[in-house]
$ cat input23.tsv   # TSV, C-alpha atoms and all ligand atoms
chain	number	residue	atom	x	y	z
Y	1	MET	CA	100.94	176.77	77.64
Y	2	LYS	CA	104.73	176.73	77.34
Y	3	ALA	CA	106.44	177.40	80.70
Y	4	PRO	CA	108.40	180.66	80.94
Y	5	PHE	CA	112.09	180.20	80.16
Y	6	TYR	CA	113.32	181.09	83.66
Y	7	SER	CA	111.30	178.44	85.42
Y	8	SER	CA	113.06	175.73	83.41
Y	9	LEU	CA	116.29	176.30	85.40
Y	10	SER	CA	116.58	174.76	88.87
Y	11	SER	CA	117.76	177.29	91.47
Y	12	GLY	CA	120.98	175.26	92.00
Y	13	MET	CA	121.87	175.32	88.33
Y	14	ARG	CA	120.82	178.96	88.01
Y	15	ASP	CA	123.04	180.06	90.90
Y	16	TRP	CA	126.11	178.33	89.47
Y	17	LYS	CA	125.46	179.87	86.06
Y	18	LEU	CA	125.16	183.31	87.65
Y	19	TYR	CA	128.35	182.76	89.63
Y	20	ARG	CA	130.21	181.61	86.53
Y	21	LEU	CA	129.14	184.66	84.51
Y	22	MET	CA	130.04	187.09	87.31
Y	23	LEU	CA	133.45	185.49	87.80
Y	24	LYS	CA	134.11	185.58	84.08
Y	25	ILE	CA	133.30	189.30	83.94
Y	26	ARG	CA	135.41	190.15	86.98
Y	27	MET	CA	138.40	188.01	86.01
Y	28	SER	CA	138.33	189.37	82.44
Y	29	GLU	CA	138.30	192.95	83.69
Y	30	GLN	CA	141.07	192.19	86.17
Y	31	LYS	CA	143.09	190.92	83.21
Y	32	ILE	CA	142.36	194.19	81.39
Y	33	ILE	CA	143.68	196.10	84.44
Y	34	ASP	CA	146.85	193.99	84.38
Y	35	ILE	CA	147.42	194.57	80.67
Y	36	TYR	CA	146.55	198.28	80.61
Y	37	PRO	CA	149.91	199.76	81.73
Y	38	SER	CA	151.58	198.03	78.74
Y	39	ASP	CA	149.61	200.35	76.38
Y	40	LYS	CA	148.58	197.37	74.28
Y	41	ILE	CA	145.00	198.45	74.94
Y	42	GLN	CA	144.80	202.02	73.67
Y	43	SER	CA	141.05	202.47	73.94
Y	44	PRO	CA	139.54	204.10	77.06
Y	45	ILE	CA	138.10	201.49	79.43
Y	46	HIS	CA	135.02	201.77	81.64
Y	47	LEU	CA	135.05	198.87	84.06
Y	48	SER	CA	131.95	197.20	85.45
Y	49	ILE	CA	133.62	195.51	88.42
Y	50	GLY	CA	131.09	195.71	91.27
Y	51	GLN	CA	128.14	195.73	88.81
Y	52	GLU	CA	128.45	192.12	87.59
Y	53	ALA	CA	125.16	190.90	89.08
Y	54	VAL	CA	123.08	193.12	86.79
Y	55	ALA	CA	124.69	191.89	83.57
Y	56	ALA	CA	124.63	188.25	84.71
Y	57	GLY	CA	121.08	188.23	86.11
Y	58	VAL	CA	119.51	190.11	83.21
Y	59	CYS	CA	121.28	188.24	80.40
Y	60	LEU	CA	120.74	184.79	81.91
Y	61	ALA	CA	117.00	185.51	82.00
Y	62	LEU	CA	116.97	186.40	78.28
Y	63	LYS	CA	116.86	183.99	75.36
Y	64	SER	CA	119.62	184.16	72.76
Y	65	SER	CA	117.01	185.44	70.26
Y	66	ASP	CA	116.24	188.39	72.55
Y	67	ARG	CA	118.24	191.51	71.75
Y	68	ILE	CA	120.17	193.86	74.01
Y	69	TYR	CA	121.68	197.33	73.61
Y	70	GLY	CA	124.35	198.72	75.94
Y	71	THR	CA	126.69	201.53	76.81
Y	72	TYR	CA	130.45	202.18	76.81
Y	73	ARG	CA	130.52	200.22	80.13
Y	74	GLY	CA	129.80	197.11	78.09
Y	75	HIS	CA	132.28	194.32	78.91
Y	76	GLY	CA	129.86	192.76	81.42
Y	77	ILE	CA	126.84	192.51	79.13
Y	78	TYR	CA	129.02	191.36	76.20
Y	79	ILE	CA	130.30	188.45	78.27
Y	80	ALA	CA	126.99	187.65	79.95
Y	81	LYS	CA	125.06	187.54	76.65
Y	82	GLY	CA	127.61	185.05	75.33
Y	83	GLY	CA	129.97	187.19	73.25
Y	84	ASP	CA	133.24	185.56	72.19
Y	85	LEU	CA	136.04	186.50	74.60
Y	86	GLY	CA	138.79	186.31	71.97
Y	87	LYS	CA	136.94	188.81	69.80
Y	88	MET	CA	136.46	191.09	72.82
Y	89	PHE	CA	140.15	191.20	73.74
Y	90	SER	CA	141.04	191.63	70.07
Y	91	GLU	CA	138.70	194.60	69.89
Y	92	LEU	CA	140.36	196.14	72.93
Y	93	TYR	CA	143.74	195.61	71.24
Y	94	GLY	CA	142.43	197.30	68.06
Y	95	LYS	CA	142.98	194.13	66.04
Y	96	GLU	CA	141.34	193.01	62.79
Y	97	THR	CA	139.79	189.96	64.54
Y	98	GLY	CA	137.95	192.14	67.06
Y	99	CYS	CA	134.17	192.08	67.28
Y	100	SER	CA	134.06	195.52	65.59
Y	101	ARG	CA	137.12	194.70	63.44
Y	102	GLY	CA	139.30	196.76	65.73
Y	103	LYS	CA	137.59	200.03	64.91
Y	104	GLY	CA	135.30	200.36	67.93
Y	105	GLY	CA	137.44	199.62	70.98
Y	106	SER	CA	136.13	198.88	74.45
Y	107	MET	CA	133.22	201.34	74.19
Y	108	HIS	CA	131.65	199.84	71.06
Y	109	LEU	CA	131.35	196.12	71.64
Y	110	SER	CA	128.84	194.12	69.64
Y	111	ALA	CA	127.95	190.47	69.21
Y	112	PRO	CA	124.83	190.36	67.02
Y	113	GLU	CA	125.16	186.58	66.67
Y	114	VAL	CA	124.13	186.27	70.34
Y	115	GLY	CA	121.79	189.27	70.44
Y	116	LEU	CA	124.08	192.12	71.55
Y	117	VAL	CA	123.29	194.58	68.78
Y	118	GLY	CA	125.76	197.15	70.03
Y	119	CYS	CA	127.09	199.52	72.67
Y	120	SER	CA	127.36	203.28	72.35
Y	121	ALA	CA	129.58	205.93	73.95
Y	122	ILE	CA	126.90	208.61	73.62
Y	123	VAL	CA	124.83	208.62	76.80
Y	124	GLY	CA	121.22	207.59	76.15
Y	125	SER	CA	121.72	207.23	72.41
Y	126	PHE	CA	120.73	203.57	72.10
Y	127	ILE	CA	117.52	203.95	74.11
Y	128	PRO	CA	115.51	205.17	71.07
Y	129	VAL	CA	117.22	202.59	68.82
Y	130	ALA	CA	116.28	199.76	71.21
Y	131	THR	CA	112.75	201.16	71.39
Y	132	GLY	CA	112.53	201.16	67.60
Y	133	ASP	CA	113.74	197.56	67.55
Y	134	ALA	CA	110.95	196.63	69.98
Y	135	LEU	CA	108.47	198.32	67.62
Y	136	ALA	CA	109.87	196.19	64.77
Y	137	ALA	CA	109.46	193.03	66.88
Y	138	GLN	CA	105.84	193.96	67.61
Y	139	MET	CA	105.01	194.82	63.97
Y	140	ARG	CA	106.61	191.62	62.69
Y	141	LYS	CA	104.93	189.60	65.45
Y	142	ASP	CA	108.31	188.19	66.56
Y	143	SER	CA	108.22	186.76	70.05
Y	144	ARG	CA	111.55	188.37	70.97
Y	145	VAL	CA	111.99	190.93	73.72
Y	146	VAL	CA	114.40	193.87	73.60
Y	147	CYS	CA	116.42	195.03	76.59
Y	148	SER	CA	118.02	198.45	76.80
Y	149	PHE	CA	120.83	198.89	79.37
Y	150	PHE	CA	121.86	202.35	80.53
Y	151	GLY	CA	123.15	204.16	83.59
Y	152	ASP	CA	121.37	206.53	85.97
Y	153	GLY	CA	122.91	209.41	83.97
Y	154	ALA	CA	120.91	208.46	80.87
Y	155	VAL	CA	117.68	209.17	82.75
Y	156	ASP	CA	118.76	212.86	82.69
Y	157	GLU	CA	118.48	212.85	78.89
Y	158	GLY	CA	115.37	214.07	77.06
Y	159	VAL	CA	115.54	211.16	74.63
Y	160	PHE	CA	114.97	208.73	77.51
Y	161	PHE	CA	111.55	210.29	78.24
Y	162	GLU	CA	110.60	210.50	74.56
Y	163	SER	CA	111.47	206.83	74.07
Y	164	VAL	CA	109.72	205.41	77.12
Y	165	ASN	CA	106.64	207.52	76.43
Y	166	PHE	CA	106.45	205.99	72.94
Y	167	ALA	CA	107.02	202.47	74.31
Y	168	ILE	CA	104.17	202.85	76.83
Y	169	LEU	CA	101.87	204.30	74.21
Y	170	LYS	CA	102.53	201.43	71.82
Y	171	ASN	CA	102.77	198.70	74.48
Y	172	LEU	CA	106.19	197.64	73.20
Y	173	PRO	CA	108.01	194.44	74.26
Y	174	ILE	CA	110.96	196.17	75.89
Y	175	VAL	CA	112.61	196.09	79.31
Y	176	TYR	CA	114.54	199.22	80.30
Y	177	VAL	CA	117.38	198.26	82.64
Y	178	CYS	CA	118.88	201.16	84.56
Y	179	GLU	CA	122.14	200.32	86.33
Y	180	ASN	CA	122.01	202.93	89.07
Y	181	ASN	CA	125.55	203.13	90.46
Y	182	GLY	CA	124.80	206.48	92.10
Y	183	TYR	CA	127.00	208.58	89.83
Y	184	ALA	CA	127.18	210.08	86.34
Y	185	ILE	CA	130.97	210.49	86.22
Y	186	HIS	CA	131.38	212.54	89.45
Y	187	SER	CA	127.84	213.79	89.81
Y	188	LYS	CA	125.48	212.19	92.34
Y	189	VAL	CA	121.90	211.22	91.46
Y	190	LEU	CA	120.78	213.33	94.42
Y	191	ASP	CA	122.37	216.44	92.88
Y	192	ARG	CA	120.53	215.86	89.60
Y	193	HIS	CA	117.04	214.77	90.62
Y	194	LYS	CA	114.62	215.99	93.24
Y	195	GLN	CA	113.03	212.53	93.05
Y	196	PRO	CA	116.02	210.21	93.54
Y	197	SER	CA	114.02	207.01	92.97
Y	198	LEU	CA	114.22	206.73	89.19
Y	199	ALA	CA	111.68	203.89	89.25
Y	200	ARG	CA	109.21	206.24	90.91
Y	201	LEU	CA	110.09	209.03	88.52
Y	202	VAL	CA	109.03	207.01	85.46
Y	203	SER	CA	105.86	205.71	87.07
Y	204	GLY	CA	104.41	209.20	86.51
Y	205	LEU	CA	104.56	208.47	82.78
Y	206	GLY	CA	102.54	205.31	83.24
Y	207	LEU	CA	105.52	202.99	83.03
Y	208	ILE	CA	105.78	200.19	85.57
Y	209	GLY	CA	109.00	201.01	87.42
Y	210	LYS	CA	110.61	198.90	90.11
Y	211	ARG	CA	113.77	199.33	92.16
Y	212	HIS	CA	115.73	196.26	93.26
Y	213	ASP	CA	119.05	195.24	94.80
Y	214	GLY	CA	121.36	195.08	91.78
Y	215	ASN	CA	124.11	193.35	93.75
Y	216	ASP	CA	122.04	190.24	94.37
Y	217	ALA	CA	122.22	188.15	91.19
Y	218	PRO	CA	119.28	185.78	91.96
Y	219	VAL	CA	117.08	188.82	92.72
Y	220	VAL	CA	118.08	190.40	89.40
Y	221	PHE	CA	117.39	187.14	87.57
Y	222	LYS	CA	113.96	186.68	89.13
Y	223	THR	CA	112.79	190.27	88.67
Y	224	MET	CA	114.08	190.41	85.10
Y	225	SER	CA	112.37	187.09	84.32
Y	226	GLN	CA	109.05	188.50	85.50
Y	227	ALA	CA	109.55	191.64	83.40
Y	228	ILE	CA	110.38	189.55	80.32
Y	229	THR	CA	107.27	187.43	80.79
Y	230	GLN	CA	105.13	190.56	80.91
Y	231	ALA	CA	106.81	192.10	77.84
Y	232	ARG	CA	106.64	188.85	75.86
Y	233	LYS	CA	102.96	188.44	76.61
Y	234	GLY	CA	102.31	191.84	74.99
Y	235	LYS	CA	101.55	193.52	78.30
Y	236	GLY	CA	103.97	196.36	77.64
Y	237	PRO	CA	107.30	197.75	78.79
Y	238	VAL	CA	108.89	197.61	82.24
Y	239	PHE	CA	111.56	199.82	83.83
Y	240	LEU	CA	113.91	198.08	86.27
Y	241	GLU	CA	116.22	200.17	88.42
Y	242	TYR	CA	119.02	198.07	89.85
Y	243	MET	CA	120.99	199.67	92.67
Y	244	THR	CA	124.64	198.81	92.29
Y	245	ASN	CA	128.18	200.13	92.75
Y	246	ARG	CA	131.04	201.08	90.46
Y	247	TRP	CA	134.30	200.17	92.18
Y	248	HIS	CA	136.74	201.81	89.79
Y	249	GLU	CA	137.14	205.35	88.53
Y	250	HIS	CA	134.61	206.37	85.87
Y	251	VAL	CA	137.12	205.64	83.12
Y	252	GLY	CA	140.44	203.89	83.51
Y	253	PRO	CA	141.91	201.01	85.48
Y	254	GLY	CA	142.43	202.70	88.86
Y	255	THR	CA	140.28	203.55	91.85
Y	256	ASP	CA	139.57	207.11	93.01
Y	257	TYR	CA	138.04	206.80	96.47
Y	258	GLN	CA	140.21	209.75	97.60
Y	259	GLU	CA	138.36	212.12	95.23
Y	260	SER	CA	135.93	214.50	96.90
Y	261	TYR	CA	132.87	213.32	94.95
Y	262	HIS	CA	132.99	209.99	96.80
Y	263	SER	CA	131.29	209.54	100.11
Y	264	PRO	CA	133.84	208.35	102.74
Y	265	LYS	CA	131.82	205.17	103.16
Y	266	ASP	CA	131.78	204.19	99.45
Y	267	LYS	CA	134.76	201.83	99.61
Y	268	GLU	CA	133.54	199.94	102.66
Y	269	ASN	CA	130.00	199.88	101.28
Y	270	ASN	CA	131.20	198.47	97.96
Y	271	SER	CA	133.11	195.65	99.53
Y	272	ARG	CA	130.19	194.79	101.84
Y	273	ASN	CA	127.91	194.61	98.78
Y	274	ASP	CA	130.27	192.60	96.58
Y	275	PRO	CA	127.89	190.64	94.29
Y	276	ILE	CA	130.34	187.76	93.97
Y	277	LYS	CA	130.77	187.39	97.72
Y	278	LYS	CA	126.98	187.48	98.08
Y	279	MET	CA	126.65	184.63	95.59
Y	280	GLU	CA	129.40	182.67	97.33
Y	281	LYS	CA	127.53	182.98	100.62
Y	282	ILE	CA	124.61	181.14	99.02
Y	283	LEU	CA	126.73	178.55	97.21
Y	284	LYS	CA	128.92	177.79	100.24
Y	285	LYS	CA	125.91	176.20	101.91
Y	286	ARG	CA	126.01	173.50	99.25
Y	287	LYS	CA	128.29	170.47	99.22
Y	288	GLY	CA	131.60	170.57	97.37
Y	289	PHE	CA	131.64	174.34	96.85
Y	290	SER	CA	135.41	174.95	97.23
Y	291	LEU	CA	136.49	172.23	94.84
Y	292	ARG	CA	133.92	173.20	92.22
Y	293	ALA	CA	134.77	176.90	92.53
Y	294	ASP	CA	138.51	176.20	92.12
Y	295	ILE	CA	137.88	174.18	88.96
Y	296	LEU	CA	135.62	176.91	87.62
Y	297	LYS	CA	138.21	179.64	88.23
Y	298	LYS	CA	140.90	177.61	86.46
Y	299	GLU	CA	138.61	177.01	83.48
Y	300	ILE	CA	137.80	180.72	83.22
Y	301	GLN	CA	141.46	181.73	83.61
Y	302	ASN	CA	142.36	179.35	80.82
Y	303	GLU	CA	139.68	180.83	78.57
Y	304	ILE	CA	140.93	184.36	79.31
Y	305	ASP	CA	144.56	183.43	78.63
Y	306	GLN	CA	143.57	181.90	75.30
Y	307	ALA	CA	141.53	184.99	74.42
Y	308	VAL	CA	144.46	187.32	75.21
Y	309	ASN	CA	146.83	185.11	73.25
Y	310	PHE	CA	144.45	185.27	70.28
Y	311	ALA	CA	144.38	189.08	70.52
Y	312	GLU	CA	148.17	189.35	70.81
Y	313	LYS	CA	148.72	187.17	67.74
Y	314	SER	CA	146.05	188.79	65.58
Y	315	PRO	CA	147.02	191.37	62.94
Y	316	PHE	CA	146.11	195.05	63.03
Y	317	PRO	CA	143.56	196.10	60.37
Y	318	SER	CA	145.05	197.15	57.03
Y	319	LEU	CA	145.10	200.83	56.08
Y	320	GLN	CA	142.75	199.97	53.22
Y	321	SER	CA	140.14	198.74	55.74
Y	322	LEU	CA	139.65	202.35	56.85
Y	323	TYR	CA	137.42	202.61	53.76
Y	324	HIS	CA	135.38	199.52	54.63
Y	325	ASP	CA	132.09	199.46	56.55
Y	326	LEU	CA	131.46	203.16	56.07
Y	327	TYR	CA	128.15	202.57	54.30
Y	328	ALA	CA	125.68	199.71	54.56
Y	329	GLU	CA	126.24	198.98	50.85
Y	330	SER	CA	129.87	198.02	51.40
Y	331	ARG	CA	129.02	195.06	53.67
A	1	LIG	C1	125.11	212.72	75.26
A	1	LIG	C2	126.33	212.67	76.12
A	1	LIG	N1	126.50	213.60	77.06
A	1	LIG	C3	127.60	213.54	77.87
A	1	LIG	C4	128.54	212.55	77.71
A	1	LIG	C5	129.73	212.48	78.63
A	1	LIG	N2	129.54	211.36	79.57
A	1	LIG	C6	130.18	210.19	79.38
A	1	LIG	S1	129.78	209.08	80.52
A	1	LIG	C7	128.77	210.14	81.33
A	1	LIG	C8	128.06	209.73	82.59
A	1	LIG	C9	126.97	208.75	82.40
A	1	LIG	O1	126.61	208.21	83.63
A	1	LIG	P1	125.67	206.99	83.76
A	1	LIG	O2	124.65	207.03	82.68
A	1	LIG	O3	125.16	206.93	85.15
A	1	LIG	O4	126.59	205.73	83.44
A	1	LIG	P2	127.82	205.13	84.28
A	1	LIG	O5	129.04	205.77	83.70
A	1	LIG	O6	127.62	205.46	85.70
A	1	LIG	O7	127.80	203.69	83.99
A	1	LIG	C10	128.74	211.36	80.69
A	1	LIG	C11	127.96	212.52	81.14
A	1	LIG	C12	128.33	211.60	76.69
A	1	LIG	N3	129.18	210.59	76.47
A	1	LIG	N4	127.19	211.67	75.93
A	2	MG	MG	125.91	205.96	86.80

$ encode --input "input23.tsv" --output "structure tokens"
Amino acid sequence: MKAPFYSSLSSGMRDWKLYRLMLKIRMSEQKIIDIYPSDKIQSPIHLSIGQEAVAAGVCLALKSSDRIYGTYRGHGIYIAKGGDLGKMFSELYGKETGCSRGKGGSMHLSAPEVGLVGCSAIVGSFIPVATGDALAAQMRKDSRVVCSFFGDGAVDEGVFFESVNFAILKNLPIVYVCENNGYAIHSKVLDRHKQPSLARLVSGLGLIGKRHDGNDAPVVFKTMSQAITQARKGKGPVFLEYMTNRWHEHVGPGTDYQESYHSPKDKENNSRNDPIKKMEKILKKRKGFSLRADILKKEIQNEIDQAVNFAEKSPFPSLQSLYHDLYAESR
């Protein structure tokens, strides 16, 4: 029997790949923060700084033929699934060369060529679409797995329960990944659910639900790999709840720790649980870490600078293009 994909990576190689992806996400979003005051990026931005381990661990465990669906907080999964950085910055700039031809902005990233079908600004809206895609994979006997990313707030939506119930009933090859950062905008999970463990909540429906540390990239990778193996073998869907932290305000480049919805310990807690620092703690035990990390950061910075340059130099879409891509027939 063919070995599962995840076991083909040595832990050393895996950890460096995870570190690289997390750094790329964080450094790209830091660049977005730097650019934002210039108003060159007019779309609202929802940053995933602090949540990088979920995107990196989940996407590294997937094959490029596996498909993912995300939310408006989508920079991390776009980068981790292998989306082109130039096209991402162009999209943020509203340029013709953007991944959604400049019409979607930060909240609607897509990279179907690497399996990111799309991201949606409507909470919970892609959960049924991802579930339908898993049904298509099953009916066509494709070996691919579908992964649906969403926040803890999406579990408040009726469509979440309708979708997972259908997936359990039909034994669909889908992994539901809930990035539980504790808040839906300013509202705490504890103020919205009597049962705050979302993994336990779904187990009542018959769905295997597990809660894990979402700030520990190797843990995310391993648990996601196990879930994928189960889904790919036709043993049905899995719900993974990854506990993580959003460092920035819900939308925008700033922080809002002074706002009353935050617990006074949030800032300190976030920095103690920094997923990148956690990964560095592991990698520092290996020889030559500092030199290799410095080279890596320079490589990533170079890639980001080139991507931004590409976006700056790209043209805006023509007025005529407002009439393109409105219907499937026009593609
Ligand atoms: C159907 C719908 N209802 C409400 C909103 C407004 N809204 C935007 S983001 C958000 C919070 C979602 O929180 P969560 O799912 O935990 O994701 P996070 O922002 O924490 O990543 C809400 C209620 C929306 N976009 N769509
Ligand atoms: Mg949330």

$ residues_around --input "input23.tsv" --residues "stretch 9-17 of chain Y" --least-positions-apart "5" --cutoff "12 Å" --atoms "all atoms listed in the file" --output "tab-separated table (two decimals) with C-alpha atoms, keeping the file's coordinate frame"
chain	number	residue	atom	x	y	z
Y	3	ALA	CA	106.44	177.40	80.70
Y	4	PRO	CA	108.40	180.66	80.94
Y	22	MET	CA	130.04	187.09	87.31
Y	23	LEU	CA	133.45	185.49	87.80
Y	24	LYS	CA	134.11	185.58	84.08
Y	53	ALA	CA	125.16	190.90	89.08
Y	56	ALA	CA	124.63	188.25	84.71
Y	57	GLY	CA	121.08	188.23	86.11
Y	59	CYS	CA	121.28	188.24	80.40
Y	60	LEU	CA	120.74	184.79	81.91
Y	61	ALA	CA	117.00	185.51	82.00
Y	80	ALA	CA	126.99	187.65	79.95
Y	216	ASP	CA	122.04	190.24	94.37
Y	217	ALA	CA	122.22	188.15	91.19
Y	218	PRO	CA	119.28	185.78	91.96
Y	219	VAL	CA	117.08	188.82	92.72
Y	220	VAL	CA	118.08	190.40	89.40
Y	221	PHE	CA	117.39	187.14	87.57
Y	222	LYS	CA	113.96	186.68	89.13
Y	225	SER	CA	112.37	187.09	84.32
Y	276	ILE	CA	130.34	187.76	93.97
Y	278	LYS	CA	126.98	187.48	98.08
Y	279	MET	CA	126.65	184.63	95.59
Y	280	GLU	CA	129.40	182.67	97.33
Y	281	LYS	CA	127.53	182.98	100.62
Y	282	ILE	CA	124.61	181.14	99.02
Y	283	LEU	CA	126.73	178.55	97.21
Y	284	LYS	CA	128.92	177.79	100.24
Y	285	LYS	CA	125.91	176.20	101.91
Y	286	ARG	CA	126.01	173.50	99.25
Y	287	LYS	CA	128.29	170.47	99.22
Y	289	PHE	CA	131.64	174.34	96.85
Y	292	ARG	CA	133.92	173.20	92.22
Y	293	ALA	CA	134.77	176.90	92.53
Y	296	LEU	CA	135.62	176.91	87.62

$ residues_around --input "input23.tsv" --residues "Y:Arg73" --least-positions-apart "5" --cutoff "10 Å" --atoms "all atoms listed in the file" --output "JSON, numbers by chain"
{"Y": [45, 46, 47, 48, 78, 106, 107, 108, 109, 119, 120, 121, 149, 150, 151, 250, 251]}

$ residues_near_ligand --input "input23.tsv" --ligand "ligand MG 2 (chain A)" --cutoff "8 Å" --atoms "only C-alpha atoms and all ligand atoms" --output "JSON list (two decimals) with C-alpha atoms, in the frame of the given file"
[["chain", "number", "residue", "atom", "x", "y", "z"],
["Y", 151, "GLY", "CA", 123.15, 204.16, 83.59],
["Y", 152, "ASP", "CA", 121.37, 206.53, 85.97],
["Y", 153, "GLY", "CA", 122.91, 209.41, 83.97],
["Y", 179, "GLU", "CA", 122.14, 200.32, 86.33],
["Y", 180, "ASN", "CA", 122.01, 202.93, 89.07],
["Y", 181, "ASN", "CA", 125.55, 203.13, 90.46],
["Y", 182, "GLY", "CA", 124.80, 206.48, 92.10],
["Y", 183, "TYR", "CA", 127.00, 208.58, 89.83],
["Y", 184, "ALA", "CA", 127.18, 210.08, 86.34],
["Y", 185, "ILE", "CA", 130.97, 210.49, 86.22],
["Y", 246, "ARG", "CA", 131.04, 201.08, 90.46]]

$ residues_around --input "input23.tsv" --residues "Y:Lys297" --least-positions-apart "4" --cutoff "12 Å" --atoms "only C-alpha atoms" --output "list in words"
Tyr19, Arg20, Leu21, Met22, Leu23, Lys24, Ile25, Arg26, Met27, Ser28, Ser290, Leu291, Arg292, Ala293, Gln301, Asn302, Glu303 and Ile304 of chain Y

$ residues_around --input "input23.tsv" --residues "Y:Gly158" --least-positions-apart "2" --cutoff "12 Å" --atoms "only C-alpha atoms" --output "ChimeraX atom specification"
/Y:123-125,127-128,153-156,160-165

$ closest_residue --input "input23.tsv" --among "Y:Ile300, Y:Val159, Y:Val58, Y:Leu169" --to "Y:Ile228" --atoms "only C-alpha atoms"
Y:Val58

$ residues_around --input "input23.tsv" --residues "Y:Lys170" --least-positions-apart "4" --cutoff "12 Å" --atoms "all atoms listed in the file" --output "PyMOL selection string"
chain Y and resi 131-132+134-139+163-166+174+207+231+234-237

$ write_last_selection --input "input23.tsv" --atoms "C-alpha atoms" --output "short mmCIF file (atom, residue, chain, number, x, y, z; two decimals), keeping the file's coordinate frame"
data_model
loop_
_atom_site.label_atom_id
_atom_site.label_comp_id
_atom_site.auth_asym_id
_atom_site.auth_seq_id
_atom_site.Cartn_x
_atom_site.Cartn_y
_atom_site.Cartn_z
CA THR Y 131 112.75 201.16 71.39
CA GLY Y 132 112.53 201.16 67.60
CA ALA Y 134 110.95 196.63 69.98
CA LEU Y 135 108.47 198.32 67.62
CA ALA Y 136 109.87 196.19 64.77
CA ALA Y 137 109.46 193.03 66.88
CA GLN Y 138 105.84 193.96 67.61
CA MET Y 139 105.01 194.82 63.97
CA SER Y 163 111.47 206.83 74.07
CA VAL Y 164 109.72 205.41 77.12
CA ASN Y 165 106.64 207.52 76.43
CA PHE Y 166 106.45 205.99 72.94
CA ILE Y 174 110.96 196.17 75.89
CA LEU Y 207 105.52 202.99 83.03
CA ALA Y 231 106.81 192.10 77.84
CA GLY Y 234 102.31 191.84 74.99
CA LYS Y 235 101.55 193.52 78.30
CA GLY Y 236 103.97 196.36 77.64
CA PRO Y 237 107.30 197.75 78.79
#

$ closest_residue --input "input23.tsv" --among "Y:Phe316, Y:Trp247, Y:Tyr93, Y:Tyr36" --to "ligand LIG 1 (chain A)" --atoms "all atoms listed in the file"
Y:Trp247

$ closest_residue --input "input23.tsv" --among "Y:Gly104, Y:Pro44, Y:Pro264, Y:Gly288" --to "ligand LIG 1 (chain A)" --atoms "only C-alpha atoms and all ligand atoms"
Y:Pro44

$ residues_near_point --input "input23.tsv" --point "(141.5, 188.1, 65.5)" --cutoff "9 Å" --atoms "only C-alpha atoms" --output "number ranges by chain"
Y: 86-87, 89-91, 95-99, 101-102, 310-316

$ write_last_selection --input "input23.tsv" --atoms "C-alpha atoms" --output "short mmCIF file (atom, residue, chain, number, x, y, z; two decimals), keeping the file's coordinate frame"
data_model
loop_
_atom_site.label_atom_id
_atom_site.label_comp_id
_atom_site.auth_asym_id
_atom_site.auth_seq_id
_atom_site.Cartn_x
_atom_site.Cartn_y
_atom_site.Cartn_z
CA GLY Y 86 138.79 186.31 71.97
CA LYS Y 87 136.94 188.81 69.80
CA PHE Y 89 140.15 191.20 73.74
CA SER Y 90 141.04 191.63 70.07
CA GLU Y 91 138.70 194.60 69.89
CA LYS Y 95 142.98 194.13 66.04
CA GLU Y 96 141.34 193.01 62.79
CA THR Y 97 139.79 189.96 64.54
CA GLY Y 98 137.95 192.14 67.06
CA CYS Y 99 134.17 192.08 67.28
CA ARG Y 101 137.12 194.70 63.44
CA GLY Y 102 139.30 196.76 65.73
CA PHE Y 310 144.45 185.27 70.28
CA ALA Y 311 144.38 189.08 70.52
CA GLU Y 312 148.17 189.35 70.81
CA LYS Y 313 148.72 187.17 67.74
CA SER Y 314 146.05 188.79 65.58
CA PRO Y 315 147.02 191.37 62.94
CA PHE Y 316 146.11 195.05 63.03
#

$ closest_residue --input "input23.tsv" --among "Y:Val202, Y:Val54, Y:Val189, Y:Val146" --to "ligand LIG 1 (chain A)" --atoms "only C-alpha atoms and all ligand atoms"
Y:Val189

$ atom_distance --input "input23.tsv" --atom1 "atom CA of Y:Glu241" --atom2 "atom CA of Y:Cys178"
4.8 Å

$ build_atoms --input "input23.tsv" --residues "stretch 87-94 of chain Y" --atoms "N, CA and C atoms" --output "PDB file, in the coordinates of the input"
ATOM      1  N   LYS Y  87     137.293 187.642  70.615  1.00  0.00           N
ATOM      2  CA  LYS Y  87     136.940 188.810  69.800  1.00  0.00           C
ATOM      3  C   LYS Y  87     136.859 190.073  70.651  1.00  0.00           C
ATOM      4  N   MET Y  88     136.523 189.914  71.947  1.00  0.00           N
ATOM      5  CA  MET Y  88     136.460 191.090  72.820  1.00  0.00           C
ATOM      6  C   MET Y  88     137.874 191.623  73.095  1.00  0.00           C
ATOM      7  N   PHE Y  89     138.775 190.729  73.475  1.00  0.00           N
ATOM      8  CA  PHE Y  89     140.150 191.200  73.740  1.00  0.00           C
ATOM      9  C   PHE Y  89     140.779 191.748  72.468  1.00  0.00           C
ATOM     10  N   SER Y  90     140.499 191.120  71.334  1.00  0.00           N
ATOM     11  CA  SER Y  90     141.040 191.630  70.070  1.00  0.00           C
ATOM     12  C   SER Y  90     140.532 193.031  69.786  1.00  0.00           C
ATOM     13  N   GLU Y  91     139.274 193.268  70.099  1.00  0.00           N
ATOM     14  CA  GLU Y  91     138.700 194.600  69.890  1.00  0.00           C
ATOM     15  C   GLU Y  91     139.413 195.631  70.778  1.00  0.00           C
ATOM     16  N   LEU Y  92     139.663 195.232  72.019  1.00  0.00           N
ATOM     17  CA  LEU Y  92     140.360 196.140  72.930  1.00  0.00           C
ATOM     18  C   LEU Y  92     141.781 196.433  72.438  1.00  0.00           C
ATOM     19  N   TYR Y  93     142.378 195.446  71.789  1.00  0.00           N
ATOM     20  CA  TYR Y  93     143.740 195.610  71.240  1.00  0.00           C
ATOM     21  C   TYR Y  93     143.725 196.352  69.896  1.00  0.00           C
ATOM     22  N   GLY Y  94     142.521 196.625  69.363  1.00  0.00           N
ATOM     23  CA  GLY Y  94     142.430 197.300  68.060  1.00  0.00           C
ATOM     24  C   GLY Y  94     142.787 196.384  66.894  1.00  0.00           C
TER      25      GLY Y  94
END
